[in-house]
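K.L.:
Supplied structure: run-v1.pdb, PDB, C-alpha atoms.
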ATOM      1  CA  MET A 177       0.000   0.000   0.000
ATOM      2  CA  THR A 178       1.474   3.349  -1.043
ATOM      3  CA  LYS A 179       1.899   5.816   1.782
ATOM      4  CA  PRO A 180       0.615   9.376   1.143
ATOM      5  CA  LEU A 181       4.036  11.002   1.631
ATOM      6  CA  ALA A 182       6.174   8.319  -0.012
ATOM      7  CA  ASN A 183       9.304   9.669  -1.705
ATOM      8  CA  ARG A 184       8.905  13.078  -0.086
ATOM      9  CA  ILE A 185      11.658  14.824   1.896
ATOM     10  CA  ALA A 186      10.576  16.570   5.113
ATOM     11  CA  LEU A 187      12.752  18.908   7.173
ATOM     12  CA  VAL A 188      11.569  19.301  10.780
ATOM     13  CA  THR A 189      13.253  21.677  13.234
ATOM     14  CA  GLY A 190      13.147  21.171  16.985
ATOM     15  CA  ALA A 191      12.727  17.471  16.253
ATOM     16  CA  SER A 192      14.314  16.084  19.418
ATOM     17  CA  ARG A 193      11.225  16.439  21.624
ATOM     18  CA  GLY A 194       7.657  17.651  21.933
ATOM     19  CA  ILE A 195       5.654  18.640  18.878
ATOM     20  CA  GLY A 196       8.675  18.454  16.576
ATOM     21  CA  PHE A 197       9.457  14.892  17.684
ATOM     22  CA  ALA A 198       5.843  13.789  17.267
ATOM     23  CA  THR A 199       5.457  15.513  13.893
ATOM     24  CA  ALA A 200       8.643  13.956  12.541
ATOM     25  CA  LYS A 201       7.390  10.510  13.595
ATOM     26  CA  ALA A 202       3.966  11.108  12.038
ATOM     27  CA  LEU A 203       5.443  12.353   8.765
ATOM     28  CA  ALA A 204       7.773   9.340   8.644
ATOM     29  CA  LYS A 205       4.854   7.007   9.277
ATOM     30  CA  ALA A 206       3.121   8.625   6.282
ATOM     31  CA  GLY A 207       6.160   7.742   4.168
ATOM     32  CA  ALA A 208       8.364  10.837   4.205
ATOM     33  CA  HIS A 209      12.116  10.695   4.723
ATOM     34  CA  ILE A 210      12.809  12.956   7.699
ATOM     35  CA  VAL A 211      15.630  15.466   7.946
ATOM     36  CA  ALA A 212      15.540  15.983  11.703
ATOM     37  CA  VAL A 213      17.195  19.132  13.064
ATOM     38  CA  ALA A 214      17.803  19.829  16.762
ATOM     39  CA  ARG A 215      20.552  20.768  19.184
ATOM     40  CA  THR A 216      20.220  17.566  21.218
ATOM     41  CA  GLN A 217      22.017  14.564  19.729
ATOM     42  CA  GLY A 218      20.452  12.152  22.213
ATOM     43  CA  GLY A 219      16.935  13.267  21.365
ATOM     44  CA  LEU A 220      17.632  12.923  17.655
ATOM     45  CA  GLU A 221      18.943   9.394  18.148
ATOM     46  CA  GLU A 222      15.813   8.487  20.104
ATOM     47  CA  LEU A 223      13.708   9.855  17.251
ATOM     48  CA  ASP A 224      15.706   7.831  14.746
ATOM     49  CA  ASP A 225      15.065   4.663  16.762
ATOM     50  CA  GLU A 226      11.327   5.367  16.852
ATOM     51  CA  ILE A 227      11.174   6.074  13.115
ATOM     52  CA  ARG A 228      13.110   2.923  12.266
ATOM     53  CA  LYS A 229      10.749   0.827  14.393
ATOM     54  CA  GLU A 230       7.972   1.942  12.077
ATOM     55  CA  GLY A 231      10.019   1.136   8.985
ATOM     56  CA  GLY A 232      10.834   4.751   8.193
ATOM     57  CA  SER A 233      14.090   6.595   7.619
ATOM     58  CA  ALA A 234      15.711   9.781   8.876
ATOM     59  CA  THR A 235      18.791  11.929   8.475
ATOM     60  CA  LEU A 236      19.914  13.431  11.781
ATOM     61  CA  VAL A 237      21.273  16.996  11.784
ATOM     62  CA  PRO A 238      22.609  18.218  15.149
ATOM     63  CA  LEU A 239      22.503  21.979  14.631
ATOM     64  CA  ASN A 240      21.963  25.081  16.710
ATOM     65  CA  LEU A 241      19.638  27.211  14.584
ATOM     66  CA  THR A 242      21.458  30.370  15.610
ATOM     67  CA  ASP A 243      24.187  29.080  13.268
ATOM     68  CA  SER A 244      22.971  30.754  10.090
ATOM     69  CA  ASP A 245      25.941  29.438   8.116
ATOM     70  CA  GLY A 246      25.026  25.951   9.323
ATOM     71  CA  ILE A 247      21.518  26.380   7.929
ATOM     72  CA  ALA A 248      23.020  27.478   4.612
ATOM     73  CA  ARG A 249      25.276  24.417   4.580
ATOM     74  CA  LEU A 250      22.250  22.233   5.296
ATOM     75  CA  GLY A 251      20.437  23.725   2.314
ATOM     76  CA  ALA A 252      23.442  23.085   0.092
ATOM     77  CA  GLY A 253      23.683  19.511   1.370
ATOM     78  CA  LEU A 254      20.020  18.838   0.667
ATOM     79  CA  HIS A 255      20.418  20.273  -2.821
ATOM     80  CA  GLU A 256      23.384  18.014  -3.507
ATOM     81  CA  ARG A 257      21.717  14.903  -2.107
ATOM     82  CA  TYR A 258      18.073  15.283  -3.132
ATOM     83  CA  GLY A 259      17.812  18.308  -5.411
ATOM     84  CA  LYS A 260      14.591  19.324  -3.680
ATOM     85  CA  LEU A 261      12.708  19.672  -0.395
ATOM     86  CA  ASP A 262       9.018  18.807  -0.205
ATOM     87  CA  ILE A 263       8.140  19.757   3.375
ATOM     88  CA  LEU A 264       9.456  22.300   5.874
ATOM     89  CA  VAL A 265       8.094  22.270   9.422
ATOM     90  CA  GLY A 266       9.475  25.248  11.369
ATOM     91  CA  ASN A 267       8.803  24.052  14.892
ATOM     92  CA  ALA A 268      11.892  24.973  16.919
ATOM     93  CA  GLY A 269      11.251  27.728  19.426
ATOM     94  CA  VAL A 270      12.183  28.977  22.873
ATOM     95  CA  LEU A 271       9.942  30.509  25.535
ATOM     96  CA  GLY A 272      12.405  33.025  26.905
ATOM     97  CA  PRO A 273      11.936  34.875  30.202
ATOM     98  CA  SER A 274       8.691  35.328  32.131
ATOM     99  CA  SER A 275       9.127  38.891  33.300
ATOM    100  CA  PRO A 276       7.809  42.438  32.811
ATOM    101  CA  VAL A 277       9.063  44.068  29.610
ATOM    102  CA  GLY A 278      11.183  46.639  31.408
ATOM    103  CA  HIS A 279      13.041  43.971  33.391
ATOM    104  CA  ILE A 280      14.245  42.005  30.361
ATOM    105  CA  GLU A 281      17.841  42.403  29.180
ATOM    106  CA  LEU A 282      18.398  43.238  25.517
ATOM    107  CA  LYS A 283      20.559  40.142  24.992
ATOM    108  CA  THR A 284      17.836  37.917  26.405
ATOM    109  CA  PHE A 285      15.275  39.480  24.066
ATOM    110  CA  ASN A 286      17.617  39.053  21.103
ATOM    111  CA  ASP A 287      18.258  35.406  22.001
ATOM    112  CA  VAL A 288      14.523  34.650  21.730
ATOM    113  CA  MET A 289      14.221  36.489  18.431
ATOM    114  CA  ALA A 290      17.258  34.659  17.064
ATOM    115  CA  ILE A 291      15.605  31.253  17.401
ATOM    116  CA  ASN A 292      11.952  32.097  16.894
ATOM    117  CA  VAL A 293      12.304  34.573  14.030
ATOM    118  CA  SER A 294      15.781  34.932  12.523
ATOM    119  CA  ALA A 295      16.364  31.181  12.251
ATOM    120  CA  ASN A 296      13.081  30.761  10.392
ATOM    121  CA  PHE A 297      13.990  33.685   8.129
ATOM    122  CA  GLN A 298      17.259  31.945   7.265
ATOM    123  CA  LEU A 299      15.434  28.650   6.719
ATOM    124  CA  ILE A 300      13.108  30.382   4.274
ATOM    125  CA  ARG A 301      16.050  31.952   2.422
ATOM    126  CA  CYS A 302      17.959  28.701   2.158
ATOM    127  CA  MET A 303      15.095  26.249   1.621
ATOM    128  CA  GLU A 304      12.848  28.207  -0.748
ATOM    129  CA  PRO A 305      14.807  27.201  -3.876
ATOM    130  CA  LEU A 306      14.573  23.556  -2.821
ATOM    131  CA  LEU A 307      10.860  23.782  -1.984
ATOM    132  CA  LYS A 308      10.256  25.290  -5.415
ATOM    133  CA  GLN A 309      11.892  22.238  -6.978
ATOM    134  CA  SER A 310       9.152  20.112  -5.429
ATOM    135  CA  ASP A 311       5.934  19.512  -7.331
ATOM    136  CA  ALA A 312       4.071  20.463  -4.133
ATOM    137  CA  GLY A 313       6.299  22.213  -1.615
ATOM    138  CA  ARG A 314       4.671  22.688   1.784
ATOM    139  CA  ALA A 315       5.821  24.864   4.718
ATOM    140  CA  VAL A 316       4.190  24.923   8.154
ATOM    141  CA  PHE A 317       5.373  27.161  10.990
ATOM    142  CA  ILE A 318       4.343  26.568  14.597
ATOM    143  CA  THR A 319       2.983  29.723  16.193
ATOM    144  CA  SER A 320       1.152  30.597  19.419
ATOM    145  CA  GLY A 321      -1.946  32.385  20.609
ATOM    146  CA  ALA A 322       0.439  34.663  22.520
ATOM    147  CA  ALA A 323       1.119  36.428  19.206
ATOM    148  CA  ASN A 324      -2.341  37.967  18.937
ATOM    149  CA  LYS A 325      -3.191  38.035  22.640
ATOM    150  CA  ALA A 326       0.016  39.972  23.400
ATOM    151  CA  THR A 327       0.277  37.893  26.571
ATOM    152  CA  ALA A 328       1.695  39.736  29.573
ATOM    153  CA  TYR A 329       5.082  38.730  31.029
ATOM    154  CA  VAL A 330       6.173  36.714  27.982
ATOM    155  CA  SER A 331       6.658  39.696  25.675
ATOM    156  CA  PRO A 332       9.754  38.418  23.798
ATOM    157  CA  TYR A 333       7.969  35.144  22.997
ATOM    158  CA  ALA A 334       4.727  36.888  22.015
ATOM    159  CA  ALA A 335       6.569  39.436  19.869
ATOM    160  CA  SER A 336       8.641  36.736  18.184
ATOM    161  CA  LYS A 337       5.585  34.687  17.268
ATOM    162  CA  ALA A 338       3.815  37.777  15.919
ATOM    163  CA  ALA A 339       6.888  38.486  13.775
ATOM    164  CA  LEU A 340       6.993  34.866  12.612
ATOM    165  CA  GLU A 341       3.335  35.015  11.600
ATOM    166  CA  THR A 342       3.890  38.164   9.538
ATOM    167  CA  LEU A 343       7.007  36.706   7.938
ATOM    168  CA  ALA A 344       5.185  33.521   6.944
ATOM    169  CA  ARG A 345       2.163  35.421   5.635
ATOM    170  CA  ALA A 346       4.335  37.683   3.503
ATOM    171  CA  TRP A 347       6.130  34.635   2.096
ATOM    172  CA  ALA A 348       2.770  33.005   1.376
ATOM    173  CA  GLN A 349       1.713  36.062  -0.641
ATOM    174  CA  GLU A 350       4.992  36.121  -2.544
ATOM    175  CA  THR A 351       4.619  32.451  -3.503
ATOM    176  CA  ALA A 352       0.841  32.353  -3.995
ATOM    177  CA  ASN A 353       1.181  31.802  -7.757
ATOM    178  CA  THR A 354       3.571  28.872  -7.325
ATOM    179  CA  PRO A 355       2.931  25.282  -6.165
ATOM    180  CA  LEU A 356       4.395  26.206  -2.748
ATOM    181  CA  ARG A 357       1.897  26.513   0.123
ATOM    182  CA  VAL A 358       2.856  28.308   3.361
ATOM    183  CA  ASN A 359       0.754  28.157   6.526
ATOM    184  CA  LEU A 360       0.809  28.579  10.294
ATOM    185  CA  PHE A 361      -0.316  26.148  12.989
ATOM    186  CA  ASN A 362      -1.315  27.115  16.518
ATOM    187  CA  PRO A 363      -1.305  24.085  18.846
ATOM    188  CA  GLY A 364      -2.515  25.937  21.940
ATOM    189  CA  PRO A 365      -1.786  24.443  25.393
ATOM    190  CA  ILE A 366      -0.149  21.055  24.819
ATOM    191  CA  ARG A 367       1.655  18.606  27.111
ATOM    192  CA  THR A 368       5.204  19.805  26.395
ATOM    193  CA  ARG A 369       8.234  20.814  28.421
ATOM    194  CA  MET A 370       7.754  24.443  27.368
ATOM    195  CA  ARG A 371       4.180  24.462  28.665
ATOM    196  CA  ALA A 372       5.284  22.900  31.953
ATOM    197  CA  THR A 373       7.899  25.634  32.357
ATOM    198  CA  LEU A 374       5.318  28.352  31.758
ATOM    199  CA  MET A 375       2.561  26.776  33.884
ATOM    200  CA  PRO A 376       4.276  24.627  36.538
ATOM    201  CA  GLY A 377       1.092  24.151  38.590
ATOM    202  CA  GLU A 378      -0.960  22.834  35.686
ATOM    203  CA  ASP A 379      -1.934  19.167  35.554
ATOM    204  CA  PRO A 380      -0.385  17.877  32.297
ATOM    205  CA  ALA A 381      -2.990  15.107  32.143
ATOM    206  CA  THR A 382      -5.578  17.787  31.270
ATOM    207  CA  LEU A 383      -3.717  18.675  28.076
ATOM    208  CA  ASP A 384      -3.605  16.990  24.684
ATOM    209  CA  THR A 385      -0.349  15.330  23.670
ATOM    210  CA  PRO A 386       2.097  16.298  20.904
ATOM    211  CA  GLU A 387       1.104  13.080  19.122
ATOM    212  CA  GLN A 388      -2.504  14.269  18.909
ATOM    213  CA  VAL A 389      -1.386  17.604  17.500
ATOM    214  CA  ALA A 390       0.907  16.001  14.920
ATOM    215  CA  GLU A 391      -2.027  14.197  13.304
ATOM    216  CA  PHE A 392      -3.397  17.608  12.279
ATOM    217  CA  ILE A 393      -0.060  18.948  11.004
ATOM    218  CA  VAL A 394       0.559  16.051   8.620
ATOM    219  CA  PRO A 395      -2.371  16.881   6.272
ATOM    220  CA  MET A 396      -1.028  20.433   5.901
ATOM    221  CA  CYS A 397       2.174  18.915   4.505
ATOM    222  CA  ALA A 398       0.464  16.773   1.878
ATOM    223  CA  PRO A 399       0.403  17.525  -1.865
ATOM    224  CA  ASP A 400      -3.394  17.772  -1.842
ATOM    225  CA  TRP A 401      -3.357  20.640   0.702
ATOM    226  CA  ILE A 402      -4.259  23.737  -1.329
ATOM    227  CA  GLU A 403      -4.627  26.568   1.211
ATOM    228  CA  THR A 404      -1.869  29.114   1.739
ATOM    229  CA  GLY A 405      -1.376  32.065   4.066
ATOM    230  CA  LYS A 406      -3.800  30.547   6.568
ATOM    231  CA  PHE A 407      -3.778  29.821  10.304
ATOM    232  CA  TYR A 408      -4.884  26.451  11.670
ATOM    233  CA  ASP A 409      -6.137  26.641  15.252
ATOM    234  CA  TYR A 410      -5.889  23.218  16.870
ATOM    235  CA  LYS A 411      -8.106  23.994  19.863
ATOM    236  CA  SER A 412     -11.086  24.928  17.679
ATOM    237  CA  ARG A 413     -10.082  22.526  14.881
ATOM    238  CA  SER A 414     -10.544  25.306  12.367
ATOM    239  CA  LEU A 415      -8.633  26.885   9.513
ATOM    240  CA  MET A 416      -8.690  30.665   9.776
ATOM    241  CA  SER A 417      -7.893  33.616   7.539
ATOM    242  CA  PHE A 418      -6.070  36.670   8.832
ATOM    243  CA  ARG A 419      -7.876  40.000   8.784
ATOM    244  CA  SER A 420      -7.187  43.576   9.820
ATOM    245  CA  PRO A 421      -8.339  44.698  13.268
ATOM    246  CA  ALA A 422     -11.954  45.890  13.400
TER     247      ALA A 422
END
Transcribe the structure of this file into structure tokens.
P.N.:
Amino acid sequence: MTKPLANRIALVTGASRGIGFATAKALAKAGAHIVAVARTQGGLEELDDEIRKEGGSATLVPLNLTDSDGIARLGAGLHERYGKLDILVGNAGVLGPSSPVGHIELKTFNDVMAINVSANFQLIRCMEPLLKQSDAGRAVFITSGAANKATAYVSPYAASKAALETLARAWAQETANTPLRVNLFNPGPIRTRMRATLMPGEDPATLDTPEQVAEFIVPMCAPDWIETGKFYDYKSRSLMSFRSPA
């Protein structure tokens, strides 16, 4: 039986745990070869074991996404090896400090922006030519409700996700007349390490798992997904369009 993503190459960032780990596994199960990017070698090796158990395959890329030259080298390597990229899942992100705006150091703010925004900008720059070589390139970026709620005390995170959303939407407009589709996915509160850090008193058993979320990301990576520049809200299970404030 042919798998829906057979012969497709999928790059997933932040793949060593949480939503990235689960999404990489789900994409592999659907037939994609996974290019798994994360800082943690051990987590990547665990992912590789899980993918192999299911009969899938992965290429492990230990890489700190603040290394913009490393991202460029990765793009060149993918071009040399595959000549294309079919799927990009920009999942890697950091929460940053929980503090009033005026108490946050500039370096700390910049560190959050480096991972949550600048790394994705560099991924777009370096992977767009490869995605355009695909017959149905698909890009999905993981965002957060903090972007539009402007959540207090996590301003660097909220600002970074708002910037990421605008970046992705602009890219979607630029590529609207190509086979490439670019969208955003908001998982909401999910049973992850980041959520536990933000809400230490919360019972994780009340939250959905990354595996449940991943099942909704996979269809957005498929060739038959036609929407672009949209926002999928997992909590409401709805695909939304952006609009100007009323």
K.L.:
At most 12 Å is the cut-off: for each residue in segment 261-305 of chain A with any atom that close to an atom of segment 213-225 of chain A, write down the nearest atom pair and the distance in Å rounded to one decimal, counting all atoms listed in the file, chain first then increasing number, as a tab-separated table.
P.N.:
residue	atom	partner	partner_atom	distance
A:Leu264	CA	A:Val213	CA	11.0
A:Val265	CA	A:Val213	CA	10.3
A:Gly266	CA	A:Val213	CA	10.0
A:Asn267	CA	A:Val213	CA	9.9
A:Ala268	CA	A:Ala214	CA	7.8
A:Gly269	CA	A:Ala214	CA	10.6
A:Ile291	CA	A:Ala214	CA	11.7
A:Leu299	CA	A:Val213	CA	11.6
K.L.:
Residues picked by the PyMOL selection byres ((chain A and resi 398) around 8) here, as a ChimeraX atom specification?
P.N.:
/A:180-181,312,314,394-397,399-401
K.L.:
List the residues matched by the PyMOL selection byres ((chain A and resi 194) around 10) in the displayed structure as a list of chain:residue names, ordered by chain and then by residue number.
P.N.:
A:Gly190, A:Ala191, A:Ser192, A:Arg193, A:Ile195, A:Gly196, A:Phe197, A:Ala198, A:Thr199, A:Asn267, A:Ala268, A:Ile366, A:Arg367, A:Thr368, A:Arg369, A:Met370, A:Thr385, A:Pro386, A:Glu387, A:Ala390
K.L.:
So which residues get picked by the PyMOL selection byres ((chain A and resi 354) around 12) here, written as a PyMOL selection string?
P.N.:
chain A and resi 304-305+307-314+347-353+355-358+402+404
K.L.:
What is the distance between atom CA of His255 of chain A and atom CA of Leu187 of chain A, in Å to one decimal?
P.N.:
12.7 Å
K.L.:
Which one is closest to Leu236 of chain A: A:Tyr258, A:Thr189, A:Thr178, A:Glu281? Count all atoms listed in the file.
P.N.:
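Closest residue, counting all atoms listed in the file: A:Thr189.
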K.L.:
Please, what distance in Å, to one decimal, runs between atom CA of Tyr333 of chain A and atom CA of Phe285 of chain A?
P.N.:
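Taking atom CA of Tyr333 of chain A as the start and atom CA of Phe285 of chain A as the end point, the length is 8.6 Å.
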K.L.:
Pick from A:Val389, A:Gly278, A:Leu306, A:Gly253: nearest to Ala200 of chain A, with only C-alpha atoms counted?
P.N.:
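Checking each candidate against Ala200 of chain A, we get A:Val389 as the closest.
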K.L.:
Since the input has fewer atoms than a full residue there, write segment 270-286 of chain A out with N, CA, C and O atoms, as an mmCIF file, keeping the file's coordinate frame.
P.N.:
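Written file, selection16.cif:
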data_model
loop_
_atom_site.group_PDB
_atom_site.id
_atom_site.type_symbol
_atom_site.label_atom_id
_atom_site.label_comp_id
_atom_site.auth_asym_id
_atom_site.auth_seq_id
_atom_site.Cartn_x
_atom_site.Cartn_y
_atom_site.Cartn_z
ATOM 1 N N VAL A 270 11.863 28.870 21.449
ATOM 2 C CA VAL A 270 12.183 28.977 22.873
ATOM 3 C C VAL A 270 11.189 29.933 23.522
ATOM 4 O O VAL A 270 10.692 30.870 22.896
ATOM 5 N N LEU A 271 10.905 29.692 24.802
ATOM 6 C CA LEU A 271 9.942 30.509 25.535
ATOM 7 C C LEU A 271 10.543 31.832 25.974
ATOM 8 O O LEU A 271 9.886 32.873 25.919
ATOM 9 N N GLY A 272 11.787 31.812 26.396
ATOM 10 C CA GLY A 272 12.405 33.025 26.905
ATOM 11 C C GLY A 272 11.941 33.339 28.317
ATOM 12 O O GLY A 272 11.295 32.522 28.978
ATOM 13 N N PRO A 273 12.216 34.525 28.814
ATOM 14 C CA PRO A 273 11.936 34.875 30.202
ATOM 15 C C PRO A 273 10.450 35.149 30.450
ATOM 16 O O PRO A 273 9.722 35.546 29.548
ATOM 17 N N SER A 274 10.026 34.910 31.678
ATOM 18 C CA SER A 274 8.691 35.328 32.131
ATOM 19 C C SER A 274 8.896 36.499 33.073
ATOM 20 O O SER A 274 9.207 36.316 34.260
ATOM 21 N N SER A 275 8.750 37.695 32.551
ATOM 22 C CA SER A 275 9.127 38.891 33.300
ATOM 23 C C SER A 275 8.488 40.120 32.667
ATOM 24 O O SER A 275 8.152 40.108 31.473
ATOM 25 N N PRO A 276 8.284 41.198 33.418
ATOM 26 C CA PRO A 276 7.809 42.438 32.811
ATOM 27 C C PRO A 276 8.777 42.938 31.743
ATOM 28 O O PRO A 276 9.996 42.716 31.835
ATOM 29 N N VAL A 277 8.247 43.609 30.742
ATOM 30 C CA VAL A 277 9.063 44.068 29.610
ATOM 31 C C VAL A 277 10.294 44.845 30.073
ATOM 32 O O VAL A 277 11.419 44.605 29.619
ATOM 33 N N GLY A 278 10.091 45.773 30.987
ATOM 34 C CA GLY A 278 11.183 46.639 31.408
ATOM 35 C C GLY A 278 12.277 45.952 32.201
ATOM 36 O O GLY A 278 13.340 46.536 32.437
ATOM 37 N N HIS A 279 12.042 44.711 32.616
ATOM 38 C CA HIS A 279 13.041 43.971 33.391
ATOM 39 C C HIS A 279 13.864 43.011 32.538
ATOM 40 O O HIS A 279 14.729 42.320 33.067
ATOM 41 N N ILE A 280 13.587 42.969 31.245
ATOM 42 C CA ILE A 280 14.245 42.005 30.361
ATOM 43 C C ILE A 280 15.482 42.632 29.727
ATOM 44 O O ILE A 280 15.425 43.741 29.187
ATOM 45 N N GLU A 281 16.590 41.925 29.795
ATOM 46 C CA GLU A 281 17.841 42.403 29.180
ATOM 47 C C GLU A 281 17.749 42.302 27.657
ATOM 48 O O GLU A 281 17.097 41.396 27.111
ATOM 49 N N LEU A 282 18.420 43.226 26.976
ATOM 50 C CA LEU A 282 18.398 43.238 25.517
ATOM 51 C C LEU A 282 18.925 41.928 24.938
ATOM 52 O O LEU A 282 18.342 41.380 23.990
ATOM 53 N N LYS A 283 20.006 41.398 25.507
ATOM 54 C CA LYS A 283 20.559 40.142 24.992
ATOM 55 C C LYS A 283 19.549 39.010 25.106
ATOM 56 O O LYS A 283 19.406 38.189 24.191
ATOM 57 N N THR A 284 18.832 38.968 26.214
ATOM 58 C CA THR A 284 17.836 37.917 26.405
ATOM 59 C C THR A 284 16.732 38.021 25.355
ATOM 60 O O THR A 284 16.304 37.015 24.777
ATOM 61 N N PHE A 285 16.279 39.245 25.108
ATOM 62 C CA PHE A 285 15.275 39.480 24.066
ATOM 63 C C PHE A 285 15.800 39.024 22.708
ATOM 64 O O PHE A 285 15.111 38.316 21.955
ATOM 65 N N ASN A 286 17.023 39.410 22.389
ATOM 66 C CA ASN A 286 17.617 39.053 21.103
ATOM 67 C C ASN A 286 17.804 37.548 20.947
ATOM 68 O O ASN A 286 17.680 37.012 19.841
#
